[in-house]
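A.B. asks: Have a look at the structure that comes next, please.
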Number of protein chains: 2
Amino acid sequence: MNRRKLLKGLAGGTAATATLAAPAIAQTQPTVRWRMATGWPKSLDTIHGSAEELCKRVGQLTEGRFDIRCFAGGEIVPPLQVLDAVQNGTIECGHVLSANYIGKSPTYAFDAGLPFGLNARQQAAWLFEGGGLPLIRDFYKKTNVIPFPCGNVGTQMGGFYRKEINSVQDLQGLKIRIGGLGGVILRKLGAVPQQLPPSDIYSALERGTIDASEWIGPYDDAKLGLNKVAKFYYAPGWWEGSAGITAPVSLPAWNALPEHFKIAFETACNEQMMMMLAKYDARNPDALRRMIGEGTQLRLFPRPVLDACYQASFETFDELSAKDADFKTIYGPWKRFLESSNPWFRVAEQSLDAYRFSHDIPPSK
Amino acid sequence: MNRRKLLKGLAGGTAATATLAAPAIAQTQPTVRWRMATGWPKSLDTIHGSAEELCKRVGQLTEGRFDIRCFAGGEIVPPLQVLDAVQNGTIECGHVLSANYIGKSPTYAFDAGLPFGLNARQQAAWLFEGGGLPLIRDFYKKTNVIPFPCGNVGTQMGGFYRKEINSVQDLQGLKIRIGGLGGVILRKLGAVPQQLPPSDIYSALERGTIDASEWIGPYDDAKLGLNKVAKFYYAPGWWEGSAGITAPVSLPAWNALPEHFKIAFETACNEQMMMMLAKYDARNPDALRRMIGEGTQLRLFPRPVLDACYQASFETFDELSAKDADFKTIYGPWKRFLESSNPWFRVAEQSLDAYRFSHDIPPSK
């Protein structure tokens with residue numbers, strides 16, 4: 001319809017009204033502005049970068065009508081108070097490791113991942129296809145929040161140590177910077193967990209105020225320079241075999257969104273489940289190789305140490321289940337999924353990976 | 001602005017024209033209709049179901065303006081001619097295992113995954129963050145197609161066998177239903193690969209026309225009833241450690257899309273990278289357990305058999321590189337990524353998974 005015809009049609013008649021009605025609706029589609037506070041410094045281009053990509057994608061998917069500004073930890077909310085800010089509606093959404101909030105409730109460990117629990121792939125299967133996410137959402141709902149899984153770091157490293165860990169006895173009195181359930185479990189075994197913001201780790205490790213520190217994995221650990229102040233780099237980070245990342249969203253803000261914006265937000269989160277992991281998986285290898293080239297000594301935790309930590313982990317889960325009803329509600333189904341999933345992962349994925357990783361790749365002729 | 005005011009404004013003046021211009025654009029936003037042909041029967045609710053979800057999501061993300069109808073294999077295009085149909089523009093897009101097209105060029109193996117190559121996570125890292133996808137797109141561009149990774153099945157099973165495979169000699173003359181590079185490599189070792197559509201596998205295996213058949217993994221294999229006609233179920237499917245799925249799109253159709261629709265399609269594909277894997281990872285464990293309960297004998301390929309296949313695989317890649325320039329162009333960077341990625345995956349993921357999978361989960365008290 002050309003403009004002349006449109007103007008003519010407008011002079012009268014209901015058809016013309018209908019013609020106008022559609023664009024009028026499109027025009028009044030609300031532009032929603034949200035703020036996302038992350039728990040990360042801007043320097044973490046992997047994990048904070050993933051939050052920025054998530055926000056950008058939501059904008060693209062809504063042709064700019066749903067605009068989420070992304071703020072690094074401390075810019076508008078202190079890094080460890082992001083969940084609180086979402087709960088009280090100060091901000092619409094956040095980007096956090098839920099396990100940082102086990103001080104509020106140990107149940108916040110589930111969307112990040114439990115020690116010796118599901119790996120990143122198993123975690124995604126449990127959340128989206130194994131009944132995990134509905135259980136977790138029921139829990140968050142009590143504080144007016146709806147959580148969206150939006151990434152995973154993969155299995156982290158066990159951290160940098162000034163001295164070797166050769167036995168369970170070496171954990172006695174070990175001052176290690178570690179949070180979450182990993183800290184609770186290590187305390188059981190005699191270690192002395194410390195809470196330190198990332199900016200303070202380097203100097204504490206250099207001065208010997210702490211003996212060891214876990215942070216993330218090679219790519220991020222190298223940025224803090226931890227390899228310059230501690231010699232031994234341990235694997236695996238058994239407390240974070242899946243470090244799942246969550247975007248908690250204020251439930252009133254969510255409920256007020258048009259359906260199309262909800263879909264855009266959810267899809268962008270799901271996309272980052274793959275993208276964040278891909279980023280880490282692509283960048284960690286070079287970072288690890290570089291650190292080893294500069295003198296870092298790579299170590300695996302001795303089996304007796306892992307055995308003690310493994311036992312202590314499941315004892316801790318039992319204790320938490322006994323005293324926390326929310327934890328218990330999710331722990332049962334979570335454990336059944338783990339028990340069902342492990343044997344299958346062992347058969348196909350693990351048997352092929354174990355073979356591949358224990359063989360050199362033949363040189364090309 | 002109310003309607004009376006709008007009508008008044010329309011009587012004259014440039015401001016009114018501008019007011020009309022915006023909704024007019026919204027109104028003329030094209031509704032695009034595409035057809036996606038998959039290479040799968042409808043009964044595969046995992047992989048064909050993922051294609052349907054992809055199409056649905058694109059519709060949701062564009063408020064119904066970009067409508068992709070999803071057709072199962074054979075409905076509008078025979079399952080193994082989907083790529084051809086996209087290349088010649090008969091349909092706008094498909095949903096395939098690219099490795100099914102190595103008859104056209106062995107280079108089509110890369111977006112599915114190479115035998116003893118990257119696992120699903122490594123594959124995503126290579127494609128999206130390791131330079132893989134741009135290389136693959138350069139290759140597809142020659143036939144006017146742009147490929148989108150849109151899922152992964154994970155490590156497949158090695159298939160059902162009527163007799164045990166105890167040595168490399170047992171591969172001699174083995175009539176096995178298998179396609180892709182796995183078939184090329186097994187032929188090198190004396191096996192006789194067969195091409196059969198999934199609907200014919202059961203009867204061929206029952207009658208002994210073939211000795212063995214690989215298909216996908218427990219959940220899908222059980223649907224074909226392969227466990228009823230062959231006793232031994234082998235792992236791992238070393239030829240498909242990553243069975244990556246591709247949505248090939250006709251380049252002229254792609255170039256004609258509005259930017260917003262391109263974003264919606266790409267994001268929906270990326271979402272399925274996680275979702276399809278989650279579906280398989282959640283459903284395979286029960287299916288495997290059920291089959292074992294019904295008498296299926298689970299076996300791992302003996303190490304000497306894997307050794308022979310491993311050597312033959314990399315020899316095959318060298319041969320293909322020597323005679324196919326396209327294959328060679330991608331193989332070099334692919335192999336460097338594999339060589340860089342494997343040591344890192346061994347340190348963290350593999351060391352923790354190996355520990356976890358070799359220990360019983362302590363019973364709750």
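How things are named: the first chain in the structure tokens is A, the next is B, and so on; residues count from 1 in each chain; ligands count from 1 in the order shown.
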Would you give me, as an MDAnalysis selection string, the residues in region 28-223 of chain B that DSSP reads as helix (DSSP H, G or I)?

C.D. replies: chainID B and resid 28 47:61 79:87 98:101 106:109 120:129 132:141 168:171 180:188 198:207 218:223

A.B. asks: Within 12 Å of Gly103 (chain A), counting only C-alpha atoms, which residues qualify if same-chain residues fewer than 5 places away don't, as a ChimeraX atom specification?

C.D. replies: /A:80-81,83-84,98,108-109,179-181,183-184

A.B. asks: Taking only C-alpha atoms into account, which of A:Tyr331, A:Phe265, A:Phe116, A:Trp239 comes nearest chain B?

C.D. replies: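 Among A:Tyr331, A:Phe265, A:Phe116, A:Trp239, it is A:Phe116 that comes nearest to chain B.
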
A.B. asks: Can you superpose chain B onto chain A by least squares over all C-alpha atoms paired in order and give the moved copy as a CSV table (one decimal) with C-alpha atoms, in the first residue's frame?

C.D. replies:
```csv
chain,number,residue,atom,x,y,z
B,1,MET,CA,-0.7,-0.1,0.8
B,2,ASN,CA,0.8,3.3,-0.2
B,3,ARG,CA,0.5,6.3,2.0
B,4,ARG,CA,-2.1,8.1,0.1
B,5,LYS,CA,-4.4,5.0,0.3
B,6,LEU,CA,-3.7,4.6,4.0
B,7,LEU,CA,-4.5,8.3,4.7
B,8,LYS,CA,-7.7,7.9,2.7
B,9,GLY,CA,-8.7,4.7,4.6
B,10,LEU,CA,-8.2,6.5,7.9
B,11,ALA,CA,-11.0,8.9,7.1
B,12,GLY,CA,-13.5,6.4,8.3
B,13,GLY,CA,-14.5,2.7,8.6
B,14,THR,CA,-13.4,-0.2,10.8
B,15,ALA,CA,-11.0,-1.7,8.3
B,16,ALA,CA,-8.8,1.3,8.6
B,17,THR,CA,-8.8,1.1,12.3
B,18,ALA,CA,-7.6,-2.5,12.1
B,19,THR,CA,-4.9,-1.4,9.7
B,20,LEU,CA,-3.6,1.1,12.2
B,21,ALA,CA,-3.9,-1.3,15.2
B,22,ALA,CA,-1.1,-3.6,14.1
B,23,PRO,CA,1.6,-1.0,13.7
B,24,ALA,CA,0.4,0.8,16.9
B,25,ILE,CA,1.1,-2.3,18.8
B,26,ALA,CA,4.5,-2.7,17.3
B,27,GLN,CA,5.2,0.9,18.1
B,28,THR,CA,4.2,0.6,21.7
B,29,GLN,CA,6.2,-2.6,22.2
B,30,PRO,CA,8.1,-1.5,25.4
B,31,THR,CA,11.8,-0.9,25.4
B,32,VAL,CA,13.0,-2.6,28.6
B,33,ARG,CA,16.2,-1.6,30.3
B,34,TRP,CA,17.8,-3.9,32.8
B,35,ARG,CA,21.1,-4.0,34.8
B,36,MET,CA,23.1,-7.1,35.2
B,37,ALA,CA,25.7,-7.1,38.0
B,38,THR,CA,28.4,-9.8,37.7
B,39,GLY,CA,30.5,-11.2,40.5
B,40,TRP,CA,33.7,-10.8,38.3
B,41,PRO,CA,36.4,-8.3,37.6
B,42,LYS,CA,36.4,-7.0,34.0
B,43,SER,CA,39.8,-8.6,33.6
B,44,LEU,CA,38.2,-12.0,33.4
B,45,ASP,CA,37.4,-11.8,29.7
B,46,THR,CA,36.2,-15.4,29.8
B,47,ILE,CA,33.6,-15.3,32.5
B,48,HIS,CA,32.8,-11.6,32.7
B,49,GLY,CA,33.2,-11.6,28.9
B,50,SER,CA,30.5,-14.2,28.7
B,51,ALA,CA,28.1,-12.0,30.7
B,52,GLU,CA,28.8,-9.2,28.3
B,53,GLU,CA,28.1,-11.4,25.3
B,54,LEU,CA,24.9,-12.6,26.9
B,55,CYS,CA,23.6,-9.0,27.2
B,56,LYS,CA,24.7,-8.2,23.7
B,57,ARG,CA,22.9,-11.2,22.3
B,58,VAL,CA,19.6,-10.3,24.1
B,59,GLY,CA,19.9,-6.8,22.5
B,60,GLN,CA,20.5,-8.3,19.1
B,61,LEU,CA,17.6,-10.8,19.4
B,62,THR,CA,15.2,-8.1,20.3
B,63,GLU,CA,16.4,-5.5,17.8
B,64,GLY,CA,17.6,-3.4,20.6
B,65,ARG,CA,14.3,-3.2,22.5
B,66,PHE,CA,15.5,-5.2,25.5
B,67,ASP,CA,18.7,-3.5,26.7
B,68,ILE,CA,20.7,-5.1,29.5
B,69,ARG,CA,23.7,-3.2,30.8
B,70,CYS,CA,26.4,-5.4,32.2
B,71,PHE,CA,28.4,-4.2,35.2
B,72,ALA,CA,31.6,-5.8,36.6
B,73,GLY,CA,31.8,-6.8,40.3
B,74,GLY,CA,31.9,-3.7,42.5
B,75,GLU,CA,30.8,-1.2,39.8
B,76,ILE,CA,27.2,-1.1,41.1
B,77,VAL,CA,27.1,-4.0,43.6
B,78,PRO,CA,30.0,-5.6,45.6
B,79,PRO,CA,30.9,-9.0,43.9
B,80,LEU,CA,29.6,-11.2,46.8
B,81,GLN,CA,26.4,-9.3,47.2
B,82,VAL,CA,25.0,-9.7,43.7
B,83,LEU,CA,22.4,-12.3,44.7
B,84,ASP,CA,21.2,-10.1,47.6
B,85,ALA,CA,20.8,-7.2,45.2
B,86,VAL,CA,18.6,-9.4,42.9
B,87,GLN,CA,16.6,-10.7,45.8
B,88,ASN,CA,15.7,-7.2,47.0
B,89,GLY,CA,15.1,-5.9,43.5
B,90,THR,CA,17.9,-3.4,43.5
B,91,ILE,CA,19.0,-4.8,40.1
B,92,GLU,CA,17.0,-7.0,37.7
B,93,CYS,CA,19.7,-9.7,37.2
B,94,GLY,CA,23.1,-11.0,38.1
B,95,HIS,CA,25.8,-13.3,36.9
B,96,VAL,CA,27.3,-15.4,39.7
B,97,LEU,CA,28.7,-18.7,41.0
B,98,SER,CA,25.8,-19.7,43.2
B,99,ALA,CA,28.1,-21.6,45.5
B,100,ASN,CA,29.4,-18.3,46.8
B,101,TYR,CA,26.1,-18.0,48.6
B,102,ILE,CA,26.2,-21.2,50.6
B,103,GLY,CA,26.4,-18.9,53.7
B,104,LYS,CA,22.7,-18.1,53.0
B,105,SER,CA,21.9,-21.7,52.3
B,106,PRO,CA,24.0,-24.8,51.3
B,107,THR,CA,21.3,-25.4,48.6
B,108,TYR,CA,22.9,-22.7,46.5
B,109,ALA,CA,25.7,-25.2,45.8
B,110,PHE,CA,23.5,-27.2,43.4
B,111,ASP,CA,23.4,-25.0,40.3
B,112,ALA,CA,27.2,-24.5,40.6
B,113,GLY,CA,27.9,-28.1,41.2
B,114,LEU,CA,28.8,-30.3,44.2
B,115,PRO,CA,32.3,-31.6,45.0
B,116,PHE,CA,32.9,-35.0,43.2
B,117,GLY,CA,29.6,-34.4,41.6
B,118,LEU,CA,28.5,-34.1,38.0
B,119,ASN,CA,30.9,-32.8,35.4
B,120,ALA,CA,29.9,-30.0,33.1
B,121,ARG,CA,28.1,-32.2,30.6
B,122,GLN,CA,26.4,-34.2,33.2
B,123,GLN,CA,25.4,-31.0,35.0
B,124,ALA,CA,23.7,-29.6,31.8
B,125,ALA,CA,21.9,-32.9,31.3
B,126,TRP,CA,20.7,-32.9,34.9
B,127,LEU,CA,19.5,-29.3,34.8
B,128,PHE,CA,17.8,-29.3,31.4
B,129,GLU,CA,16.7,-32.9,30.9
B,130,GLY,CA,17.0,-34.6,34.3
B,131,GLY,CA,14.7,-32.5,36.4
B,132,GLY,CA,17.4,-30.5,38.1
B,133,LEU,CA,16.4,-27.0,37.0
B,134,PRO,CA,12.7,-27.1,38.2
B,135,LEU,CA,13.9,-28.2,41.6
B,136,ILE,CA,16.4,-25.4,41.9
B,137,ARG,CA,13.9,-22.9,40.7
B,138,ASP,CA,11.4,-24.0,43.4
B,139,PHE,CA,14.1,-23.2,45.9
B,140,TYR,CA,15.0,-19.8,44.4
B,141,LYS,CA,11.4,-18.8,44.2
B,142,LYS,CA,11.2,-18.5,48.0
B,143,THR,CA,13.3,-15.3,47.6
B,144,ASN,CA,11.5,-14.0,44.5
B,145,VAL,CA,14.3,-15.0,42.1
B,146,ILE,CA,14.3,-17.2,39.0
B,147,PRO,CA,17.8,-18.6,38.1
B,148,PHE,CA,19.0,-19.3,34.6
B,149,PRO,CA,22.1,-21.5,34.0
B,150,CYS,CA,24.3,-19.4,31.7
B,151,GLY,CA,27.7,-21.0,31.5
B,152,ASN,CA,30.2,-23.5,32.9
B,153,VAL,CA,33.9,-23.2,33.6
B,154,GLY,CA,34.5,-26.9,33.5
B,155,THR,CA,36.7,-28.8,35.9
B,156,GLN,CA,38.9,-26.3,37.7
B,157,MET,CA,42.4,-26.7,38.9
B,158,GLY,CA,43.2,-27.6,42.6
B,159,GLY,CA,45.2,-24.4,42.9
B,160,PHE,CA,48.7,-23.2,43.7
B,161,TYR,CA,50.6,-24.6,46.7
B,162,ARG,CA,53.9,-23.4,48.2
B,163,LYS,CA,54.6,-27.0,49.4
B,164,GLU,CA,53.8,-30.4,48.1
B,165,ILE,CA,50.8,-32.3,49.3
B,166,ASN,CA,52.0,-35.9,49.8
B,167,SER,CA,49.5,-37.2,52.3
B,168,VAL,CA,46.3,-36.4,54.1
B,169,GLN,CA,48.5,-35.2,57.0
B,170,ASP,CA,49.8,-32.4,54.8
B,171,LEU,CA,46.3,-30.9,54.8
B,172,GLN,CA,46.5,-30.4,58.6
B,173,GLY,CA,46.7,-26.7,59.3
B,174,LEU,CA,47.0,-25.8,55.6
B,175,LYS,CA,45.9,-22.2,55.1
B,176,ILE,CA,44.2,-22.3,51.8
B,177,ARG,CA,42.2,-19.7,50.1
B,178,ILE,CA,39.0,-21.5,49.1
B,179,GLY,CA,35.3,-20.9,49.3
B,180,GLY,CA,32.1,-23.0,48.9
B,181,LEU,CA,31.6,-26.5,50.0
B,182,GLY,CA,35.2,-27.3,49.1
B,183,GLY,CA,36.2,-25.2,52.1
B,184,VAL,CA,33.7,-26.9,54.4
B,185,ILE,CA,35.1,-30.3,53.4
B,186,LEU,CA,38.8,-29.3,53.7
B,187,ARG,CA,38.1,-27.9,57.2
B,188,LYS,CA,36.7,-31.4,58.2
B,189,LEU,CA,40.2,-32.7,57.2
B,190,GLY,CA,42.1,-30.2,59.2
B,191,ALA,CA,42.8,-27.5,56.7
B,192,VAL,CA,42.1,-23.8,57.5
B,193,PRO,CA,40.1,-22.3,54.6
B,194,GLN,CA,40.5,-18.6,54.1
B,195,GLN,CA,38.2,-16.2,52.2
B,196,LEU,CA,40.1,-13.6,50.2
B,197,PRO,CA,39.1,-11.5,47.2
B,198,PRO,CA,41.1,-12.3,44.1
B,199,SER,CA,43.0,-9.0,44.2
B,200,ASP,CA,44.6,-10.1,47.6
B,201,ILE,CA,45.6,-13.6,46.7
B,202,TYR,CA,48.9,-12.8,45.1
B,203,SER,CA,50.4,-10.9,48.0
B,204,ALA,CA,49.0,-13.3,50.7
B,205,LEU,CA,50.6,-16.2,48.9
B,206,GLU,CA,53.8,-14.3,48.3
B,207,ARG,CA,54.1,-13.3,52.0
B,208,GLY,CA,53.1,-16.8,53.2
B,209,THR,CA,50.0,-15.5,54.9
B,210,ILE,CA,48.4,-18.4,53.1
B,211,ASP,CA,50.0,-21.7,52.0
B,212,ALA,CA,47.8,-22.3,49.0
B,213,SER,CA,45.1,-20.8,46.9
B,214,GLU,CA,42.6,-22.1,44.4
B,215,TRP,CA,41.1,-19.7,41.9
B,216,ILE,CA,39.8,-21.0,38.6
B,217,GLY,CA,42.0,-22.6,35.9
B,218,PRO,CA,45.2,-22.0,34.0
B,219,TYR,CA,44.0,-19.1,31.8
B,220,ASP,CA,42.6,-17.1,34.7
B,221,ASP,CA,45.1,-18.2,37.3
B,222,ALA,CA,48.0,-17.0,35.1
B,223,LYS,CA,46.4,-13.5,35.0
B,224,LEU,CA,46.7,-13.3,38.8
B,225,GLY,CA,50.3,-14.3,38.5
B,226,LEU,CA,49.9,-17.1,41.1
B,227,ASN,CA,52.6,-19.1,39.3
B,228,LYS,CA,55.1,-16.4,40.3
B,229,VAL,CA,54.6,-16.9,44.0
B,230,ALA,CA,53.9,-20.7,44.4
B,231,LYS,CA,55.6,-23.6,42.7
B,232,PHE,CA,53.2,-26.5,42.8
B,233,TYR,CA,50.0,-26.5,40.7
B,234,TYR,CA,47.6,-29.3,41.7
B,235,ALA,CA,44.9,-31.0,39.8
B,236,PRO,CA,42.0,-31.8,39.8
B,237,GLY,CA,39.8,-29.2,41.5
B,238,TRP,CA,37.6,-32.0,42.8
B,239,TRP,CA,35.4,-29.4,44.6
B,240,GLU,CA,34.5,-27.8,41.2
B,241,GLY,CA,34.3,-30.6,38.6
B,242,SER,CA,31.5,-28.5,37.2
B,243,ALA,CA,31.7,-24.8,38.0
B,244,GLY,CA,28.3,-23.8,36.7
B,245,ILE,CA,27.4,-20.1,36.4
B,246,THR,CA,23.9,-18.8,37.1
B,247,ALA,CA,22.1,-15.6,36.1
B,248,PRO,CA,19.7,-15.0,38.9
B,249,VAL,CA,16.7,-12.8,37.8
B,250,SER,CA,14.3,-10.8,40.0
B,251,LEU,CA,11.0,-12.6,39.7
B,252,PRO,CA,8.8,-9.5,39.5
B,253,ALA,CA,11.1,-8.1,36.8
B,254,TRP,CA,10.9,-11.4,34.9
B,255,ASN,CA,7.1,-11.6,35.2
B,256,ALA,CA,6.8,-8.1,33.7
B,257,LEU,CA,8.7,-9.1,30.6
B,258,PRO,CA,6.9,-9.6,27.3
B,259,GLU,CA,7.0,-13.2,26.2
B,260,HIS,CA,9.4,-12.5,23.3
B,261,PHE,CA,11.9,-10.9,25.7
B,262,LYS,CA,11.7,-13.9,28.0
B,263,ILE,CA,12.5,-16.2,25.1
B,264,ALA,CA,15.5,-14.0,24.0
B,265,PHE,CA,16.9,-14.0,27.5
B,266,GLU,CA,16.6,-17.7,28.0
B,267,THR,CA,18.0,-18.6,24.6
B,268,ALA,CA,21.0,-16.2,25.1
B,269,CYS,CA,21.7,-17.9,28.5
B,270,ASN,CA,21.5,-21.4,26.9
B,271,GLU,CA,23.9,-20.3,24.2
B,272,GLN,CA,26.5,-19.2,26.8
B,273,MET,CA,26.3,-22.7,28.4
B,274,MET,CA,28.3,-23.9,25.3
B,275,MET,CA,30.2,-20.7,24.6
B,276,MET,CA,31.8,-20.0,28.0
B,277,LEU,CA,33.0,-23.6,28.2
B,278,ALA,CA,34.4,-23.4,24.6
B,279,LYS,CA,36.3,-20.2,25.6
B,280,TYR,CA,37.9,-21.9,28.6
B,281,ASP,CA,38.6,-25.1,26.8
B,282,ALA,CA,40.3,-23.2,24.0
B,283,ARG,CA,42.4,-21.0,26.2
B,284,ASN,CA,43.5,-23.2,29.2
B,285,PRO,CA,45.8,-25.5,27.2
B,286,ASP,CA,48.3,-22.7,26.2
B,287,ALA,CA,48.2,-21.1,29.6
B,288,LEU,CA,49.1,-24.3,31.3
B,289,ARG,CA,51.9,-25.1,28.9
B,290,ARG,CA,53.3,-21.6,29.3
B,291,MET,CA,53.3,-21.8,33.1
B,292,ILE,CA,55.0,-25.2,33.0
B,293,GLY,CA,57.6,-23.7,30.6
B,294,GLU,CA,58.2,-21.1,33.3
B,295,GLY,CA,58.9,-23.6,36.0
B,296,THR,CA,55.5,-24.5,37.5
B,297,GLN,CA,55.5,-28.0,38.8
B,298,LEU,CA,52.3,-29.8,37.9
B,299,ARG,CA,51.0,-32.3,40.4
B,300,LEU,CA,48.0,-34.6,40.8
B,301,PHE,CA,46.6,-35.0,44.3
B,302,PRO,CA,47.7,-38.4,45.7
B,303,ARG,CA,45.0,-41.0,45.7
B,304,PRO,CA,44.8,-41.3,49.5
B,305,VAL,CA,44.2,-37.5,49.7
B,306,LEU,CA,41.4,-37.8,47.0
B,307,ASP,CA,40.0,-40.8,49.0
B,308,ALA,CA,39.8,-38.8,52.2
B,309,CYS,CA,38.2,-35.8,50.4
B,310,TYR,CA,35.8,-38.1,48.6
B,311,GLN,CA,34.5,-39.7,51.8
B,312,ALA,CA,34.4,-36.3,53.6
B,313,SER,CA,32.4,-34.9,50.7
B,314,PHE,CA,29.6,-37.4,50.9
B,315,GLU,CA,29.6,-37.3,54.7
B,316,THR,CA,29.1,-33.5,54.4
B,317,PHE,CA,26.2,-33.9,52.0
B,318,ASP,CA,24.6,-36.3,54.4
B,319,GLU,CA,25.0,-33.8,57.3
B,320,LEU,CA,23.6,-31.0,55.3
B,321,SER,CA,20.6,-33.1,54.3
B,322,ALA,CA,20.0,-33.9,57.9
B,323,LYS,CA,19.8,-30.3,59.0
B,324,ASP,CA,18.6,-28.5,55.9
B,325,ALA,CA,15.2,-29.4,54.3
B,326,ASP,CA,15.9,-27.5,51.1
B,327,PHE,CA,19.2,-29.2,50.6
B,328,LYS,CA,17.6,-32.6,51.3
B,329,THR,CA,14.9,-32.0,48.7
B,330,ILE,CA,17.3,-31.6,45.9
B,331,TYR,CA,20.1,-33.9,47.1
B,332,GLY,CA,18.1,-37.1,46.8
B,333,PRO,CA,17.2,-36.6,43.1
B,334,TRP,CA,20.6,-35.2,42.4
B,335,LYS,CA,22.3,-38.2,43.8
B,336,ARG,CA,20.1,-40.6,41.9
B,337,PHE,CA,21.0,-38.8,38.7
B,338,LEU,CA,24.7,-39.0,39.5
B,339,GLU,CA,24.4,-42.7,40.3
B,340,SER,CA,22.6,-43.3,37.0
B,341,SER,CA,24.8,-41.1,34.8
B,342,ASN,CA,28.3,-42.2,36.0
B,343,PRO,CA,28.2,-45.8,34.7
B,344,TRP,CA,27.1,-44.6,31.2
B,345,PHE,CA,29.8,-41.8,31.1
B,346,ARG,CA,32.4,-44.4,32.1
B,347,VAL,CA,31.5,-46.7,29.2
B,348,ALA,CA,31.7,-44.4,26.2
B,349,GLU,CA,33.1,-41.0,26.9
B,350,GLN,CA,35.6,-42.0,29.6
B,351,SER,CA,36.9,-45.2,27.9
B,352,LEU,CA,37.6,-43.3,24.7
B,353,ASP,CA,39.1,-40.2,26.4
B,354,ALA,CA,41.3,-42.4,28.7
B,355,TYR,CA,42.6,-44.2,25.6
B,356,ARG,CA,43.2,-41.1,23.6
B,357,PHE,CA,44.8,-39.1,26.4
B,358,SER,CA,47.3,-41.9,27.2
B,359,HIS,CA,48.6,-42.2,23.7
B,360,ASP,CA,50.8,-39.8,21.7
B,361,ILE,CA,49.4,-38.6,18.5
B,362,PRO,CA,51.4,-40.1,15.7
B,363,PRO,CA,53.4,-37.5,13.8
B,364,SER,CA,52.3,-36.7,10.3
B,365,LYS,CA,54.5,-38.3,7.6
```

A.B. asks: Going by DSSP on the backbone, which residues of region 96-308 of chain A come out as strand (DSSP E or B)? List them as an MDAnalysis selection string.

C.D. replies: chainID A and resid 96 145:152 159:161 175:177 192:194 212:213 232:235 244:250 297:300
